[in-house]
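K.L.:
Supplied structure: input07.pdb, PDB, C-alpha atoms and all ligand atoms.
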```pdb
ATOM      1  CA  MET A   1     -30.308 -35.213  75.512
ATOM      2  CA  ALA A   2     -32.518 -37.961  74.096
ATOM      3  CA  ALA A   3     -31.921 -38.556  70.388
ATOM      4  CA  GLY A   4     -34.873 -37.358  68.346
ATOM      5  CA  GLU A   5     -35.977 -34.801  70.955
ATOM      6  CA  PRO A   6     -35.529 -31.030  70.463
ATOM      7  CA  GLU A   7     -32.454 -29.493  72.077
ATOM      8  CA  ALA A   8     -32.830 -26.077  73.661
ATOM      9  CA  ASP A   9     -29.509 -24.671  72.449
ATOM     10  CA  CYS A  10     -29.585 -26.155  68.921
ATOM     11  CA  LEU A  11     -29.720 -23.608  66.092
ATOM     12  CA  PHE A  12     -31.444 -25.967  63.659
ATOM     13  CA  CYS A  13     -34.052 -27.032  66.258
ATOM     14  CA  LYS A  14     -34.782 -23.289  66.547
ATOM     15  CA  ILE A  15     -35.204 -23.049  62.762
ATOM     16  CA  VAL A  16     -37.545 -26.072  62.845
ATOM     17  CA  ALA A  17     -39.549 -24.375  65.614
ATOM     18  CA  GLY A  18     -39.710 -21.116  63.656
ATOM     19  CA  ASP A  19     -37.786 -19.249  66.376
ATOM     20  CA  VAL A  20     -34.921 -18.447  63.972
ATOM     21  CA  PRO A  21     -35.885 -17.347  60.444
ATOM     22  CA  ALA A  22     -34.706 -19.256  57.382
ATOM     23  CA  THR A  23     -35.377 -19.242  53.659
ATOM     24  CA  VAL A  24     -37.271 -22.515  53.436
ATOM     25  CA  VAL A  25     -37.415 -24.151  49.989
ATOM     26  CA  ARG A  26     -39.177 -27.410  50.889
ATOM     27  CA  GLU A  27     -40.858 -28.877  53.918
ATOM     28  CA  THR A  28     -42.640 -32.098  54.734
ATOM     29  CA  LYS A  29     -43.862 -33.512  58.022
ATOM     30  CA  ASP A  30     -40.417 -35.032  58.627
ATOM     31  CA  VAL A  31     -37.910 -32.849  56.775
ATOM     32  CA  ILE A  32     -37.178 -29.184  56.135
ATOM     33  CA  ALA A  33     -34.802 -27.687  53.551
ATOM     34  CA  PHE A  34     -33.500 -24.116  53.686
ATOM     35  CA  ALA A  35     -30.805 -21.958  52.123
ATOM     36  CA  ASP A  36     -27.401 -21.974  53.816
ATOM     37  CA  ILE A  37     -26.638 -18.522  55.260
ATOM     38  CA  ASN A  38     -23.064 -18.667  53.904
ATOM     39  CA  PRO A  39     -23.401 -20.347  50.503
ATOM     40  CA  GLN A  40     -20.400 -22.159  49.054
ATOM     41  CA  ALA A  41     -21.978 -22.692  45.632
ATOM     42  CA  PRO A  42     -24.758 -21.103  43.549
ATOM     43  CA  VAL A  43     -27.061 -23.711  45.087
ATOM     44  CA  HIS A  44     -26.311 -24.466  48.749
ATOM     45  CA  ILE A  45     -29.261 -25.839  50.657
ATOM     46  CA  LEU A  46     -29.332 -27.612  54.014
ATOM     47  CA  VAL A  47     -31.708 -30.558  54.278
ATOM     48  CA  ILE A  48     -32.484 -31.653  57.830
ATOM     49  CA  PRO A  49     -34.879 -33.905  59.707
ATOM     50  CA  ARG A  50     -37.163 -31.963  62.024
ATOM     51  CA  ALA A  51     -36.103 -34.345  64.798
ATOM     52  CA  HIS A  52     -32.727 -33.749  66.398
ATOM     53  CA  TYR A  53     -29.954 -36.287  65.747
ATOM     54  CA  GLN A  54     -26.309 -35.341  66.099
ATOM     55  CA  ASN A  55     -25.041 -36.599  62.764
ATOM     56  CA  ALA A  56     -25.783 -38.837  59.802
ATOM     57  CA  GLY A  57     -24.482 -41.973  61.485
ATOM     58  CA  GLU A  58     -26.630 -41.521  64.572
ATOM     59  CA  LEU A  59     -29.684 -40.855  62.395
ATOM     60  CA  GLY A  60     -28.986 -43.893  60.248
ATOM     61  CA  VAL A  61     -28.574 -46.228  63.213
ATOM     62  CA  ILE A  62     -31.567 -45.004  65.222
ATOM     63  CA  GLU A  63     -33.994 -44.015  62.442
ATOM     64  CA  PRO A  64     -32.948 -45.643  59.164
ATOM     65  CA  GLU A  65     -36.298 -44.923  57.523
ATOM     66  CA  LEU A  66     -35.976 -41.222  58.328
ATOM     67  CA  ALA A  67     -32.414 -41.284  56.963
ATOM     68  CA  GLY A  68     -33.804 -42.638  53.699
ATOM     69  CA  THR A  69     -36.494 -39.991  53.677
ATOM     70  CA  LEU A  70     -33.847 -37.307  54.141
ATOM     71  CA  LEU A  71     -31.956 -38.570  51.075
ATOM     72  CA  ALA A  72     -35.139 -38.740  49.000
ATOM     73  CA  GLU A  73     -36.083 -35.193  49.981
ATOM     74  CA  ALA A  74     -32.581 -33.960  49.170
ATOM     75  CA  ALA A  75     -32.931 -35.503  45.712
ATOM     76  CA  ALA A  76     -36.311 -33.791  45.290
ATOM     77  CA  VAL A  77     -34.784 -30.431  46.200
ATOM     78  CA  ALA A  78     -31.949 -31.041  43.735
ATOM     79  CA  ALA A  79     -34.497 -31.736  40.996
ATOM     80  CA  ASP A  80     -36.452 -28.596  41.926
ATOM     81  CA  GLU A  81     -33.211 -26.609  41.672
ATOM     82  CA  GLY A  82     -32.539 -27.979  38.183
ATOM     83  CA  LEU A  83     -29.452 -29.940  39.204
ATOM     84  CA  ASP A  84     -30.376 -33.319  37.732
ATOM     85  CA  GLU A  85     -28.489 -32.816  34.481
ATOM     86  CA  ASN A  86     -25.169 -31.503  35.774
ATOM     87  CA  GLY A  87     -25.224 -33.234  39.127
ATOM     88  CA  TYR A  88     -24.795 -32.133  42.688
ATOM     89  CA  ARG A  89     -23.043 -33.096  45.884
ATOM     90  CA  LEU A  90     -24.472 -34.156  49.246
ATOM     91  CA  VAL A  91     -22.127 -33.672  52.204
ATOM     92  CA  PHE A  92     -22.610 -34.725  55.820
ATOM     93  CA  ASN A  93     -19.783 -33.222  57.842
ATOM     94  CA  THR A  94     -19.426 -35.416  60.914
ATOM     95  CA  GLY A  95     -17.390 -34.198  63.873
ATOM     96  CA  ALA A  96     -15.590 -30.921  64.460
ATOM     97  CA  GLY A  97     -12.458 -32.229  62.743
ATOM     98  CA  ALA A  98     -14.452 -32.632  59.526
ATOM     99  CA  GLY A  99     -15.955 -29.156  59.776
ATOM    100  CA  GLN A 100     -19.235 -29.892  61.554
ATOM    101  CA  THR A 101     -20.291 -26.792  63.464
ATOM    102  CA  VAL A 102     -24.014 -27.470  63.985
ATOM    103  CA  PHE A 103     -24.645 -30.791  65.705
ATOM    104  CA  HIS A 104     -28.094 -31.412  64.224
ATOM    105  CA  VAL A 105     -27.678 -33.669  61.208
ATOM    106  CA  HIS A 106     -27.853 -31.805  57.917
ATOM    107  CA  ALA A 107     -27.135 -32.677  54.325
ATOM    108  CA  HIS A 108     -25.366 -29.906  52.457
ATOM    109  CA  LEU A 109     -26.788 -29.924  48.916
ATOM    110  CA  LEU A 110     -24.245 -28.179  46.696
ATOM    111  CA  GLY A 111     -24.515 -27.519  42.989
ATOM    112  CA  GLY A 112     -24.683 -25.027  40.176
ATOM    113  CA  ARG A 113     -20.936 -24.984  39.567
ATOM    114  CA  GLY A 114     -18.144 -27.467  38.912
ATOM    115  CA  LEU A 115     -17.223 -29.376  42.061
ATOM    116  CA  ASN A 116     -13.663 -30.590  42.506
ATOM    117  CA  TRP A 117     -12.701 -34.007  43.757
ATOM    118  CA  PRO A 118     -11.222 -34.752  46.209
ATOM    119  CA  PRO A 119     -12.846 -32.071  48.368
ATOM    120  CA  GLY A 120     -10.667 -29.949  50.637
TER     121      GLY A 120
HETATM  122  P1  LIG B   1     -21.535 -27.634  59.225
HETATM  123  O1  LIG B   1     -20.330 -26.742  59.336
HETATM  124  O2  LIG B   1     -22.044 -28.034  60.593
HETATM  125  O3  LIG B   1     -21.346 -28.805  58.313
HETATM  126  O4  LIG B   1     -22.666 -26.774  58.521
HETATM  127  C1  LIG B   1     -23.386 -25.795  59.192
HETATM  128  C2  LIG B   1     -23.903 -24.857  58.137
HETATM  129  O5  LIG B   1     -24.899 -24.041  58.725
HETATM  130  C3  LIG B   1     -22.835 -23.910  57.574
HETATM  131  O6  LIG B   1     -22.724 -24.115  56.173
HETATM  132  C4  LIG B   1     -23.357 -22.521  57.931
HETATM  133  O7  LIG B   1     -23.127 -21.564  56.908
HETATM  134  C5  LIG B   1     -24.833 -22.761  58.146
HETATM  135  N1  LIG B   1     -25.440 -21.846  59.093
HETATM  136  C6  LIG B   1     -24.922 -21.415  60.275
HETATM  137  N2  LIG B   1     -25.791 -20.598  60.898
HETATM  138  C7  LIG B   1     -26.879 -20.515  60.086
HETATM  139  C8  LIG B   1     -28.131 -19.800  60.204
HETATM  140  O8  LIG B   1     -28.418 -19.092  61.171
HETATM  141  N3  LIG B   1     -29.003 -19.934  59.168
HETATM  142  C9  LIG B   1     -28.718 -20.715  58.071
HETATM  143  N4  LIG B   1     -29.637 -20.777  57.119
HETATM  144  N5  LIG B   1     -27.569 -21.415  57.946
HETATM  145  C10 LIG B   1     -26.658 -21.300  58.942
HETATM  146 ZN    ZN B   2     -31.397 -29.771  66.779
END
```
Can the structure in the file be given as structure tokens, please?

P.N.:
Amino acid sequence: MAAGEPEADCLFCKIVAGDVPATVVRETKDVIAFADINPQAPVHILVIPRAHYQNAGELGVIEPELAGTLLAEAAAVAADEGLDENGYRLVFNTGAGAGQTVFHVHAHLLGGRGLNWPPG
């Protein structure tokens, strides 16, 4: 289970490998962005590094440059989706208690509707 290496039973590693289909909206050599299968807003896109890290903190500690790239790519997707004017939200659920169900770091990019604060 080396950080950065693909994990056999990881859903998002399978999407990166092309073994599970996804509606991809942006991809670079380091990052892939695809539509969430159960959208919580008119725009709900998951932005992930191709490499497997458990969560945002692990990614940030081990690969800070890649963490920055992930944020920049998320911003590029938001711009492509026309969210610059009204804004958007990036969410990194971390740990099962916070709602993380897939343990391959992913930014939820949410927008296209009003977003309440604080979140639930
Ligand atoms: P988490 O709960 O870990 O923060 O987010 C996992 C997200 O992955 C959820 O929003 C869920 O809807 C999404 N998801 C789960 N399975 C699939 C899948 O097979 N394809 C896609 N595109 N999204 C998925
Ligand atoms: Zn993975």

K.L.:
Check every protein, DNA and RNA residue against ligand ZN 2 (chain B), keep those with an atom at most 9 Å away (counting only C-alpha atoms and all ligand atoms), and present them as a PDB file with C-alpha atoms, in the frame of the given file.

P.N.:
```pdb
ATOM      1  CA  GLY A   4     -34.873 -37.358  68.346  1.00  0.00           C
ATOM      2  CA  GLU A   5     -35.977 -34.801  70.955  1.00  0.00           C
ATOM      3  CA  PRO A   6     -35.529 -31.030  70.463  1.00  0.00           C
ATOM      4  CA  GLU A   7     -32.454 -29.493  72.077  1.00  0.00           C
ATOM      5  CA  ALA A   8     -32.830 -26.077  73.661  1.00  0.00           C
ATOM      6  CA  ASP A   9     -29.509 -24.671  72.449  1.00  0.00           C
ATOM      7  CA  CYS A  10     -29.585 -26.155  68.921  1.00  0.00           C
ATOM      8  CA  LEU A  11     -29.720 -23.608  66.092  1.00  0.00           C
ATOM      9  CA  PHE A  12     -31.444 -25.967  63.659  1.00  0.00           C
ATOM     10  CA  CYS A  13     -34.052 -27.032  66.258  1.00  0.00           C
ATOM     11  CA  LYS A  14     -34.782 -23.289  66.547  1.00  0.00           C
ATOM     12  CA  ILE A  15     -35.204 -23.049  62.762  1.00  0.00           C
ATOM     13  CA  VAL A  16     -37.545 -26.072  62.845  1.00  0.00           C
ATOM     14  CA  PRO A  49     -34.879 -33.905  59.707  1.00  0.00           C
ATOM     15  CA  ARG A  50     -37.163 -31.963  62.024  1.00  0.00           C
ATOM     16  CA  ALA A  51     -36.103 -34.345  64.798  1.00  0.00           C
ATOM     17  CA  HIS A  52     -32.727 -33.749  66.398  1.00  0.00           C
ATOM     18  CA  TYR A  53     -29.954 -36.287  65.747  1.00  0.00           C
ATOM     19  CA  GLN A  54     -26.309 -35.341  66.099  1.00  0.00           C
ATOM     20  CA  VAL A 102     -24.014 -27.470  63.985  1.00  0.00           C
ATOM     21  CA  PHE A 103     -24.645 -30.791  65.705  1.00  0.00           C
ATOM     22  CA  HIS A 104     -28.094 -31.412  64.224  1.00  0.00           C
ATOM     23  CA  VAL A 105     -27.678 -33.669  61.208  1.00  0.00           C
TER      24      VAL A 105
END
```

K.L.:
Go ahead and fit an axis-aligned box to every listed atom of ligand LIG 1 (chain B) plus 5 Å each side, and pass me the centre and edge lengths in Å, one decimal, as lines of an AutoDock Vina configuration file.

P.N.:
```
center_x = -25.0
center_y = -23.9
center_z = 58.7
size_x = 19.3
size_y = 19.7
size_z = 15.0
```

K.L.:
Evaluating the PyMOL selection byres (((chain A and resi 80-94) around 10) and not hetatm) on the displayed file yields which residues, as a short mmCIF file (atom, residue, chain, number, x, y, z; two decimals) with C-alpha atoms, keeping the file's coordinate frame?

P.N.:
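That gives us part.cif:
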```cif
data_model
loop_
_atom_site.label_atom_id
_atom_site.label_comp_id
_atom_site.auth_asym_id
_atom_site.auth_seq_id
_atom_site.Cartn_x
_atom_site.Cartn_y
_atom_site.Cartn_z
CA VAL A 25 -37.42 -24.15 49.99
CA ARG A 26 -39.18 -27.41 50.89
CA VAL A 43 -27.06 -23.71 45.09
CA HIS A 44 -26.31 -24.47 48.75
CA ILE A 45 -29.26 -25.84 50.66
CA LEU A 46 -29.33 -27.61 54.01
CA VAL A 47 -31.71 -30.56 54.28
CA GLN A 54 -26.31 -35.34 66.10
CA ASN A 55 -25.04 -36.60 62.76
CA ALA A 56 -25.78 -38.84 59.80
CA GLY A 57 -24.48 -41.97 61.48
CA LEU A 71 -31.96 -38.57 51.08
CA ALA A 74 -32.58 -33.96 49.17
CA ALA A 75 -32.93 -35.50 45.71
CA ALA A 76 -36.31 -33.79 45.29
CA VAL A 77 -34.78 -30.43 46.20
CA ALA A 78 -31.95 -31.04 43.74
CA ALA A 79 -34.50 -31.74 41.00
CA GLY A 95 -17.39 -34.20 63.87
CA ALA A 96 -15.59 -30.92 64.46
CA GLY A 97 -12.46 -32.23 62.74
CA ALA A 98 -14.45 -32.63 59.53
CA GLY A 99 -15.96 -29.16 59.78
CA GLN A 100 -19.24 -29.89 61.55
CA THR A 101 -20.29 -26.79 63.46
CA VAL A 102 -24.01 -27.47 63.98
CA PHE A 103 -24.64 -30.79 65.70
CA VAL A 105 -27.68 -33.67 61.21
CA HIS A 106 -27.85 -31.80 57.92
CA ALA A 107 -27.14 -32.68 54.32
CA HIS A 108 -25.37 -29.91 52.46
CA LEU A 109 -26.79 -29.92 48.92
CA LEU A 110 -24.24 -28.18 46.70
CA GLY A 111 -24.52 -27.52 42.99
CA GLY A 112 -24.68 -25.03 40.18
CA ARG A 113 -20.94 -24.98 39.57
CA GLY A 114 -18.14 -27.47 38.91
CA LEU A 115 -17.22 -29.38 42.06
#
```

K.L.:
In Å to one decimal, how far is CA of Asp30 (chain A) from CA of Leu66 (chain A)?

P.N.:
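Interatomic distance, CA of Leu66 (chain A) to CA of Asp30 (chain A): 7.6 Å.
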
K.L.:
Have a look at A:Glu63, A:Glu58, A:Asp19, A:Asp36 and name the one nearest to ligand LIG 1 (chain B); count only C-alpha atoms and all ligand atoms.

P.N.:
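The closest residue to ligand LIG 1 (chain B) is A:Asp36.
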
K.L.:
Measuring atom to atom with only C-alpha atoms and all ligand atoms, identify which of A:Ile32, A:Ile37, A:Val61, A:Ala2 is nearest to ligand LIG 1 (chain B).

P.N.:
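Among A:Ile32, A:Ile37, A:Val61, A:Ala2, it is A:Ile37 that comes nearest to ligand LIG 1 (chain B).
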
K.L.:
Rank A:Ala3, A:Ala35, A:Val24, A:Leu59 by their smallest atom-to-atom distance to ligand LIG 1 (chain B), using all atoms listed in the file, and report the top residue only.

P.N.:
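Distance minimum relative to ligand LIG 1 (chain B) lands on A:Ala35.
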
K.L.:
Rounded to one decimal place, report the atom C4 of ligand LIG 1 (chain B)-CA of Pro42 (chain A) distance in Å.

P.N.:
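Between atom C4 of ligand LIG 1 (chain B) and CA of Pro42 (chain A) the gap is 14.5 Å.
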
K.L.:
What separation in Å, quoted to one decimal, exists between CA of Leu70 (chain A) and atom C5 of ligand LIG 1 (chain B)?

P.N.:
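Pair CA of Leu70 (chain A) / atom C5 of ligand LIG 1 (chain B) returns 17.6 Å.
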
K.L.:
Kindly indicate which residue among A:Gly60, A:Gly68, A:Pro118, A:Gly18 lies nearest to ligand LIG 1 (chain B), using all atoms listed in the file for the distances.

P.N.:
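Ranking A:Gly60, A:Gly68, A:Pro118, A:Gly18 by distance to ligand LIG 1 (chain B), first place goes to A:Gly18.
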
K.L.:
For ligand LIG 1 (chain B), which residue out of A:Ala22, A:Pro119, A:Ala17, A:Ala33 is the nearest one, using all atoms listed in the file?

P.N.:
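Closest to ligand LIG 1 (chain B) of all the choices is A:Ala22.
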